[in-house]
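Take a look at the structure below.
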Amino acid sequence: MIEKYKKQIVVFYRVNRRMPNYAEIMALLGYKSKNAVFKLVRKLQAENFLDKDKKGKLIPKNIYGELKVLGRVEAGFPSPAEEELADTMSLDDFLIKNKEATYMLKVSGESMIDAGIMPGDMVLVDRSLSPVDGNIVIAEVDKQWTVKYFRKKGNDIYLEPANKKFPIIRASDELRVAAVVKAVIRKY
């Protein structure tokens with residue numbers, strides 16, 4: 001029965017792009033009391049299906065489950081492929097360390113194409129990380145937002161594109177790093 005409830009919560013999440021609140025779960029699953037919802041939420045937390053943020057709001061954890069890892073594939077010269085179940089992995093666990101500080105942004109523009117970040121890609125970013133030289137960051141420069149390499153040489157801080165057609169950016173007023181890019185997601 002709990003698997004059925006999980007599926008209903010996943011459908012709600014996909015349609016609404018957010019987790020349901022307790023009252024919505026009560027209505028969604030046909031529960032008569034919020035106490036039953038609290039018990040279900042505790043079970044789902046124990047199964048790492050969902051979690052709560054600092055304010056008690058429900059957040060997804062491993063709502064899509066795990067995928068099989070079948071081994072490796074050679075990116076150099078071809079080699080014999082051997083398919084074996086090496087492990088399973090949750091994409092949430094693989095990509096996200098701090099759910100509350102993680103979000104995605106859609107990329108536009110071509111200033112980062114030599115770093116493999118193309119227009120239309122999604123970048124997964126973590127706002128809890130402090131940037132270090134060489135990180136790709138989301139930054140506000142003189143009230144404009146951009147994605148670039150963060151560069152720090154002594155006291156000189158600037159943003160560097162990954163496309164020679166674009167100039168290095170130095171703030172004339174203010175440069176504020178909002179998040180560090182952790183992954184690029186592209187659908188083919």
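Starting from 1 in every chain, residues are counted up; chains themselves are A, B, ... following the order of the structure tokens, and ligands are numbered from 1 as listed.
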*Val10 in chain A surroundings by only C-alpha atoms, 9 Å radius, close-in-sequence under 3 positions cut, as a list of chain:residue names*: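 The residues satisfying every condition are A:Tyr5, A:Lys6, A:Lys7, A:Tyr13, A:Arg14, A:Val15, A:Met19, A:Ile63, A:Tyr64.
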Taking N, CA and C atoms for each residue, export the selection above as a compact mmCIF listing (two decimals), in the first residue's frame.
# COMPACT_ATOMS: atom_id res chain seq x y z
N TYR A 5 0.98 4.93 -2.35
CA TYR A 5 1.01 6.30 -1.82
C TYR A 5 2.21 7.07 -2.37
N LYS A 6 3.34 6.39 -2.46
CA LYS A 6 4.54 7.02 -3.02
C LYS A 6 4.28 7.48 -4.45
N LYS A 7 3.65 6.60 -5.24
CA LYS A 7 3.37 6.94 -6.64
C LYS A 7 2.47 8.15 -6.73
N TYR A 13 4.05 15.70 -7.24
CA TYR A 13 5.31 16.44 -7.36
C TYR A 13 5.61 16.81 -8.82
N ARG A 14 5.40 15.88 -9.73
CA ARG A 14 5.67 16.15 -11.15
C ARG A 14 4.71 17.19 -11.72
N VAL A 15 3.45 17.11 -11.35
CA VAL A 15 2.45 18.04 -11.88
C VAL A 15 2.63 19.44 -11.29
N MET A 19 6.48 19.57 -3.45
CA MET A 19 5.92 18.51 -2.62
C MET A 19 4.58 18.97 -2.05
N ILE A 63 12.73 10.37 -4.38
CA ILE A 63 11.40 10.04 -4.86
C ILE A 63 11.41 9.27 -6.17
N TYR A 64 12.50 9.30 -6.90
CA TYR A 64 12.55 8.56 -8.15
C TYR A 64 13.22 7.21 -7.98
*asked:* Just want the 9 Å neighbourhood of range 132-146 of chain A, counted on only C-alpha atoms, with same-chain residues fewer than 4 positions away dropped. Output as JSON, numbers by chain.
replied: {"A": [125, 127, 150, 151, 152, 153, 159, 169, 170, 171, 172, 173, 174, 175, 176, 177, 178, 179, 180, 181, 182]}
If you keep N, CA and C atoms, can you produce a file of those selected residues as an mmCIF file, in the first residue's frame?
data_model
loop_
_atom_site.group_PDB
_atom_site.id
_atom_site.type_symbol
_atom_site.label_atom_id
_atom_site.label_comp_id
_atom_site.auth_asym_id
_atom_site.auth_seq_id
_atom_site.Cartn_x
_atom_site.Cartn_y
_atom_site.Cartn_z
ATOM 1 N N VAL A 125 23.019 23.878 -8.997
ATOM 2 C CA VAL A 125 23.903 24.749 -8.230
ATOM 3 C C VAL A 125 23.642 24.621 -6.737
ATOM 4 N N ARG A 127 24.068 26.810 -3.267
ATOM 5 C CA ARG A 127 24.347 28.151 -2.738
ATOM 6 C C ARG A 127 25.048 28.116 -1.382
ATOM 7 N N PHE A 150 34.968 31.340 -11.759
ATOM 8 C CA PHE A 150 35.375 32.264 -10.714
ATOM 9 C C PHE A 150 36.902 32.260 -10.685
ATOM 10 N N ARG A 151 37.497 33.438 -10.771
ATOM 11 C CA ARG A 151 38.958 33.546 -10.737
ATOM 12 C C ARG A 151 39.374 34.495 -9.623
ATOM 13 N N LYS A 152 40.396 34.065 -8.870
ATOM 14 C CA LYS A 152 40.932 34.890 -7.797
ATOM 15 C C LYS A 152 42.445 34.775 -7.823
ATOM 16 N N LYS A 153 43.102 35.896 -8.133
ATOM 17 C CA LYS A 153 44.566 35.976 -8.152
ATOM 18 C C LYS A 153 44.957 37.073 -7.175
ATOM 19 N N LEU A 159 35.505 37.249 -13.318
ATOM 20 C CA LEU A 159 34.784 36.126 -13.905
ATOM 21 C C LEU A 159 35.303 35.900 -15.317
ATOM 22 N N ILE A 169 35.149 39.423 -17.119
ATOM 23 C CA ILE A 169 34.276 40.395 -16.454
ATOM 24 C C ILE A 169 34.857 40.766 -15.098
ATOM 25 N N ARG A 170 35.065 42.063 -14.918
ATOM 26 C CA ARG A 170 35.457 42.620 -13.618
ATOM 27 C C ARG A 170 34.350 43.581 -13.202
ATOM 28 N N ALA A 171 33.947 43.501 -11.959
ATOM 29 C CA ALA A 171 32.854 44.351 -11.486
ATOM 30 C C ALA A 171 33.310 45.794 -11.373
ATOM 31 N N SER A 172 32.490 46.708 -11.876
ATOM 32 C CA SER A 172 32.786 48.132 -11.670
ATOM 33 C C SER A 172 32.183 48.589 -10.351
ATOM 34 N N ASP A 173 31.155 47.882 -9.885
ATOM 35 C CA ASP A 173 30.512 48.247 -8.626
ATOM 36 C C ASP A 173 30.551 47.083 -7.636
ATOM 37 N N GLU A 174 29.894 45.964 -7.981
ATOM 38 C CA GLU A 174 29.779 44.862 -7.033
ATOM 39 C C GLU A 174 29.770 43.518 -7.749
ATOM 40 N N LEU A 175 30.436 42.530 -7.155
ATOM 41 C CA LEU A 175 30.420 41.155 -7.633
ATOM 42 C C LEU A 175 30.033 40.276 -6.451
ATOM 43 N N ARG A 176 28.940 39.531 -6.604
ATOM 44 C CA ARG A 176 28.465 38.658 -5.538
ATOM 45 C C ARG A 176 28.218 37.273 -6.113
ATOM 46 N N VAL A 177 28.901 36.271 -5.548
ATOM 47 C CA VAL A 177 28.698 34.891 -5.983
ATOM 48 C C VAL A 177 27.518 34.326 -5.210
ATOM 49 N N ALA A 178 26.519 33.834 -5.939
ATOM 50 C CA ALA A 178 25.303 33.304 -5.313
ATOM 51 C C ALA A 178 25.375 31.794 -5.109
ATOM 52 N N ALA A 179 26.075 31.076 -6.005
ATOM 53 C CA ALA A 179 26.101 29.616 -5.927
ATOM 54 C C ALA A 179 27.241 29.065 -6.767
ATOM 55 N N VAL A 180 27.612 27.832 -6.463
ATOM 56 C CA VAL A 180 28.639 27.106 -7.210
ATOM 57 C C VAL A 180 27.946 26.023 -8.026
ATOM 58 N N VAL A 181 28.300 25.921 -9.305
ATOM 59 C CA VAL A 181 27.718 24.907 -10.186
ATOM 60 C C VAL A 181 28.300 23.540 -9.838
ATOM 61 N N LYS A 182 27.418 22.562 -9.619
ATOM 62 C CA LYS A 182 27.838 21.208 -9.257
ATOM 63 C C LYS A 182 27.653 20.207 -10.395
#
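One distance worth recording is that between CA of Arg186 in chain A and CA of Ile117 in chain A, which is 8.9 Å.
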Residues near range 100-110 of chain A, anyone? I mean within 12 Å using only C-alpha atoms, not counting same-chain ones fewer than 5 positions away, as a PDB file with N, CA and C atoms, in the first residue's frame.
ATOM      1  N   ASP A  51      11.942  14.153   2.988  1.00  0.00           N
ATOM      2  CA  ASP A  51      12.517  14.698   4.209  1.00  0.00           C
ATOM      3  C   ASP A  51      11.822  16.013   4.505  1.00  0.00           C
ATOM      4  N   LYS A  52      12.254  16.679   5.566  1.00  0.00           N
ATOM      5  CA  LYS A  52      11.716  17.989   5.918  1.00  0.00           C
ATOM      6  C   LYS A  52      12.861  18.997   5.946  1.00  0.00           C
ATOM      7  N   ASP A  53      12.564  20.233   5.541  1.00  0.00           N
ATOM      8  CA  ASP A  53      13.565  21.282   5.663  1.00  0.00           C
ATOM      9  C   ASP A  53      13.522  21.850   7.087  1.00  0.00           C
ATOM     10  N   LYS A  54      14.287  22.903   7.349  1.00  0.00           N
ATOM     11  CA  LYS A  54      14.377  23.472   8.700  1.00  0.00           C
ATOM     12  C   LYS A  54      13.047  24.031   9.191  1.00  0.00           C
ATOM     13  N   LYS A  55      12.178  24.388   8.266  1.00  0.00           N
ATOM     14  CA  LYS A  55      10.866  24.933   8.641  1.00  0.00           C
ATOM     15  C   LYS A  55       9.795  23.855   8.756  1.00  0.00           C
ATOM     16  N   GLY A  56      10.158  22.596   8.504  1.00  0.00           N
ATOM     17  CA  GLY A  56       9.211  21.500   8.585  1.00  0.00           C
ATOM     18  C   GLY A  56       8.478  21.207   7.288  1.00  0.00           C
ATOM     19  N   LYS A  57       8.833  21.927   6.232  1.00  0.00           N
ATOM     20  CA  LYS A  57       8.197  21.728   4.926  1.00  0.00           C
ATOM     21  C   LYS A  57       8.767  20.462   4.286  1.00  0.00           C
ATOM     22  N   LEU A  58       7.899  19.668   3.647  1.00  0.00           N
ATOM     23  CA  LEU A  58       8.347  18.433   3.004  1.00  0.00           C
ATOM     24  C   LEU A  58       9.180  18.738   1.768  1.00  0.00           C
ATOM     25  N   ILE A  59      10.276  18.000   1.609  1.00  0.00           N
ATOM     26  CA  ILE A  59      11.135  18.128   0.437  1.00  0.00           C
ATOM     27  C   ILE A  59      11.428  16.729  -0.107  1.00  0.00           C
ATOM     28  N   PRO A  60      11.613  16.601  -1.427  1.00  0.00           N
ATOM     29  CA  PRO A  60      11.903  15.274  -1.990  1.00  0.00           C
ATOM     30  C   PRO A  60      13.288  14.807  -1.579  1.00  0.00           C
ATOM     31  N   LYS A  61      13.434  13.518  -1.428  1.00  0.00           N
ATOM     32  CA  LYS A  61      14.750  12.964  -1.141  1.00  0.00           C
ATOM     33  C   LYS A  61      15.117  11.994  -2.252  1.00  0.00           C
ATOM     34  N   ASP A  92      19.674  11.630  -6.868  1.00  0.00           N
ATOM     35  CA  ASP A  92      19.655  12.644  -5.813  1.00  0.00           C
ATOM     36  C   ASP A  92      20.902  12.531  -4.940  1.00  0.00           C
ATOM     37  N   LEU A  95      24.127  13.552  -7.012  1.00  0.00           N
ATOM     38  CA  LEU A  95      24.277  14.941  -7.426  1.00  0.00           C
ATOM     39  C   LEU A  95      24.108  15.971  -6.315  1.00  0.00           C
ATOM     40  N   ALA A 115      33.325  24.925 -21.823  1.00  0.00           N
ATOM     41  CA  ALA A 115      33.270  24.158 -20.574  1.00  0.00           C
ATOM     42  C   ALA A 115      32.184  23.080 -20.681  1.00  0.00           C
ATOM     43  N   GLY A 116      31.558  22.971 -21.863  1.00  0.00           N
ATOM     44  CA  GLY A 116      30.524  21.966 -22.069  1.00  0.00           C
ATOM     45  C   GLY A 116      29.151  22.395 -21.583  1.00  0.00           C
ATOM     46  N   ILE A 117      28.965  23.688 -21.351  1.00  0.00           N
ATOM     47  CA  ILE A 117      27.669  24.206 -20.912  1.00  0.00           C
ATOM     48  C   ILE A 117      27.044  24.929 -22.099  1.00  0.00           C
ATOM     49  N   MET A 118      25.988  24.334 -22.649  1.00  0.00           N
ATOM     50  CA  MET A 118      25.349  24.831 -23.870  1.00  0.00           C
ATOM     51  C   MET A 118      24.033  25.539 -23.566  1.00  0.00           C
ATOM     52  N   PRO A 119      23.578  26.401 -24.490  1.00  0.00           N
ATOM     53  CA  PRO A 119      22.265  27.012 -24.314  1.00  0.00           C
ATOM     54  C   PRO A 119      21.190  25.928 -24.184  1.00  0.00           C
ATOM     55  N   GLY A 120      20.292  26.096 -23.231  1.00  0.00           N
ATOM     56  CA  GLY A 120      19.239  25.118 -22.985  1.00  0.00           C
ATOM     57  C   GLY A 120      19.586  24.092 -21.930  1.00  0.00           C
ATOM     58  N   ASP A 121      20.874  23.965 -21.566  1.00  0.00           N
ATOM     59  CA  ASP A 121      21.266  23.051 -20.498  1.00  0.00           C
ATOM     60  C   ASP A 121      20.712  23.550 -19.169  1.00  0.00           C
ATOM     61  N   MET A 122      20.612  22.645 -18.223  1.00  0.00           N
ATOM     62  CA  MET A 122      20.251  22.999 -16.848  1.00  0.00           C
ATOM     63  C   MET A 122      21.514  22.853 -16.009  1.00  0.00           C
ATOM     64  N   VAL A 123      21.770  23.827 -15.137  1.00  0.00           N
ATOM     65  CA  VAL A 123      22.886  23.693 -14.206  1.00  0.00           C
ATOM     66  C   VAL A 123      22.316  23.483 -12.810  1.00  0.00           C
ATOM     67  N   LEU A 124      22.887  22.531 -12.103  1.00  0.00           N
ATOM     68  CA  LEU A 124      22.522  22.240 -10.727  1.00  0.00           C
ATOM     69  C   LEU A 124      23.515  23.000  -9.858  1.00  0.00           C
ATOM     70  N   VAL A 125      23.019  23.878  -8.997  1.00  0.00           N
ATOM     71  CA  VAL A 125      23.903  24.749  -8.230  1.00  0.00           C
ATOM     72  C   VAL A 125      23.642  24.621  -6.737  1.00  0.00           C
ATOM     73  N   ASP A 126      24.693  24.877  -5.948  1.00  0.00           N
ATOM     74  CA  ASP A 126      24.614  24.808  -4.488  1.00  0.00           C
ATOM     75  C   ASP A 126      25.014  26.156  -3.920  1.00  0.00           C
ATOM     76  N   ARG A 127      24.068  26.810  -3.267  1.00  0.00           N
ATOM     77  CA  ARG A 127      24.347  28.151  -2.738  1.00  0.00           C
ATOM     78  C   ARG A 127      25.048  28.116  -1.382  1.00  0.00           C
ATOM     79  N   SER A 128      25.254  26.920  -0.793  1.00  0.00           N
ATOM     80  CA  SER A 128      25.918  26.837   0.512  1.00  0.00           C
ATOM     81  C   SER A 128      27.443  26.764   0.389  1.00  0.00           C
ATOM     82  N   LEU A 129      27.953  26.609  -0.825  1.00  0.00           N
ATOM     83  CA  LEU A 129      29.398  26.467  -1.022  1.00  0.00           C
ATOM     84  C   LEU A 129      30.071  27.808  -1.246  1.00  0.00           C
ATOM     85  N   VAL A 137      30.564  29.365 -11.360  1.00  0.00           N
ATOM     86  CA  VAL A 137      29.656  29.961 -10.387  1.00  0.00           C
ATOM     87  C   VAL A 137      28.501  30.699 -11.054  1.00  0.00           C
ATOM     88  N   ILE A 138      27.474  30.936 -10.266  1.00  0.00           N
ATOM     89  CA  ILE A 138      26.392  31.842 -10.622  1.00  0.00           C
ATOM     90  C   ILE A 138      26.689  33.116  -9.843  1.00  0.00           C
ATOM     91  N   TRP A 145      23.045  39.003 -13.804  1.00  0.00           N
ATOM     92  CA  TRP A 145      23.369  37.623 -13.433  1.00  0.00           C
ATOM     93  C   TRP A 145      24.067  36.898 -14.580  1.00  0.00           C
ATOM     94  N   THR A 146      25.018  36.022 -14.214  1.00  0.00           N
ATOM     95  CA  THR A 146      25.764  35.275 -15.224  1.00  0.00           C
ATOM     96  C   THR A 146      26.316  33.981 -14.633  1.00  0.00           C
ATOM     97  N   VAL A 147      26.711  33.074 -15.516  1.00  0.00           N
ATOM     98  CA  VAL A 147      27.427  31.862 -15.126  1.00  0.00           C
ATOM     99  C   VAL A 147      28.812  31.947 -15.780  1.00  0.00           C
ATOM    100  N   LYS A 148      29.861  31.830 -14.970  1.00  0.00           N
ATOM    101  CA  LYS A 148      31.251  31.957 -15.456  1.00  0.00           C
ATOM    102  C   LYS A 148      32.185  31.220 -14.501  1.00  0.00           C
ATOM    103  N   PRO A 161      34.853  33.762 -18.950  1.00  0.00           N
ATOM    104  CA  PRO A 161      34.006  32.908 -19.784  1.00  0.00           C
ATOM    105  C   PRO A 161      34.799  31.712 -20.320  1.00  0.00           C
ATOM    106  N   ALA A 162      34.088  30.721 -20.826  1.00  0.00           N
ATOM    107  CA  ALA A 162      34.715  29.566 -21.468  1.00  0.00           C
ATOM    108  C   ALA A 162      34.406  29.634 -22.958  1.00  0.00           C
ATOM    109  N   ASN A 163      34.651  30.796 -23.539  1.00  0.00           N
ATOM    110  CA  ASN A 163      34.464  31.031 -24.964  1.00  0.00           C
ATOM    111  C   ASN A 163      35.280  32.275 -25.293  1.00  0.00           C
ATOM    112  N   LYS A 164      36.253  32.131 -26.158  1.00  0.00           N
ATOM    113  CA  LYS A 164      37.180  33.235 -26.470  1.00  0.00           C
ATOM    114  C   LYS A 164      36.488  34.455 -27.082  1.00  0.00           C
ATOM    115  N   LYS A 165      35.252  34.304 -27.545  1.00  0.00           N
ATOM    116  CA  LYS A 165      34.519  35.425 -28.124  1.00  0.00           C
ATOM    117  C   LYS A 165      33.988  36.388 -27.059  1.00  0.00           C
ATOM    118  N   PHE A 166      34.064  35.984 -25.784  1.00  0.00           N
ATOM    119  CA  PHE A 166      33.513  36.791 -24.702  1.00  0.00           C
ATOM    120  C   PHE A 166      34.634  37.335 -23.817  1.00  0.00           C
ATOM    121  N   ALA A 178      26.519  33.834  -5.939  1.00  0.00           N
ATOM    122  CA  ALA A 178      25.303  33.304  -5.313  1.00  0.00           C
ATOM    123  C   ALA A 178      25.375  31.794  -5.109  1.00  0.00           C
ATOM    124  N   ALA A 179      26.075  31.076  -6.005  1.00  0.00           N
ATOM    125  CA  ALA A 179      26.101  29.616  -5.927  1.00  0.00           C
ATOM    126  C   ALA A 179      27.241  29.065  -6.767  1.00  0.00           C
ATOM    127  N   VAL A 180      27.612  27.832  -6.463  1.00  0.00           N
ATOM    128  CA  VAL A 180      28.639  27.106  -7.210  1.00  0.00           C
ATOM    129  C   VAL A 180      27.946  26.023  -8.026  1.00  0.00           C
ATOM    130  N   VAL A 181      28.300  25.921  -9.305  1.00  0.00           N
ATOM    131  CA  VAL A 181      27.718  24.907 -10.186  1.00  0.00           C
ATOM    132  C   VAL A 181      28.300  23.540  -9.838  1.00  0.00           C
ATOM    133  N   LYS A 182      27.418  22.562  -9.619  1.00  0.00           N
ATOM    134  CA  LYS A 182      27.838  21.208  -9.257  1.00  0.00           C
ATOM    135  C   LYS A 182      27.653  20.207 -10.395  1.00  0.00           C
ATOM    136  N   ALA A 183      26.725  20.493 -11.330  1.00  0.00           N
ATOM    137  CA  ALA A 183      26.469  19.544 -12.415  1.00  0.00           C
ATOM    138  C   ALA A 183      25.775  20.267 -13.568  1.00  0.00           C
ATOM    139  N   VAL A 184      25.943  19.712 -14.751  1.00  0.00           N
ATOM    140  CA  VAL A 184      25.247  20.196 -15.943  1.00  0.00           C
ATOM    141  C   VAL A 184      24.351  19.053 -16.404  1.00  0.00           C
ATOM    142  N   ILE A 185      23.091  19.382 -16.705  1.00  0.00           N
ATOM    143  CA  ILE A 185      22.136  18.361 -17.120  1.00  0.00           C
ATOM    144  C   ILE A 185      21.646  18.729 -18.514  1.00  0.00           C
ATOM    145  N   ARG A 186      21.740  17.762 -19.417  1.00  0.00           N
ATOM    146  CA  ARG A 186      21.344  17.992 -20.807  1.00  0.00           C
ATOM    147  C   ARG A 186      20.510  16.818 -21.285  1.00  0.00           C
TER     148      ARG A 186
END
*How far is it from CA of Ile96 in chain A to CA of Glu24 in chain A, in Å with one decimal?*
26.3 Å
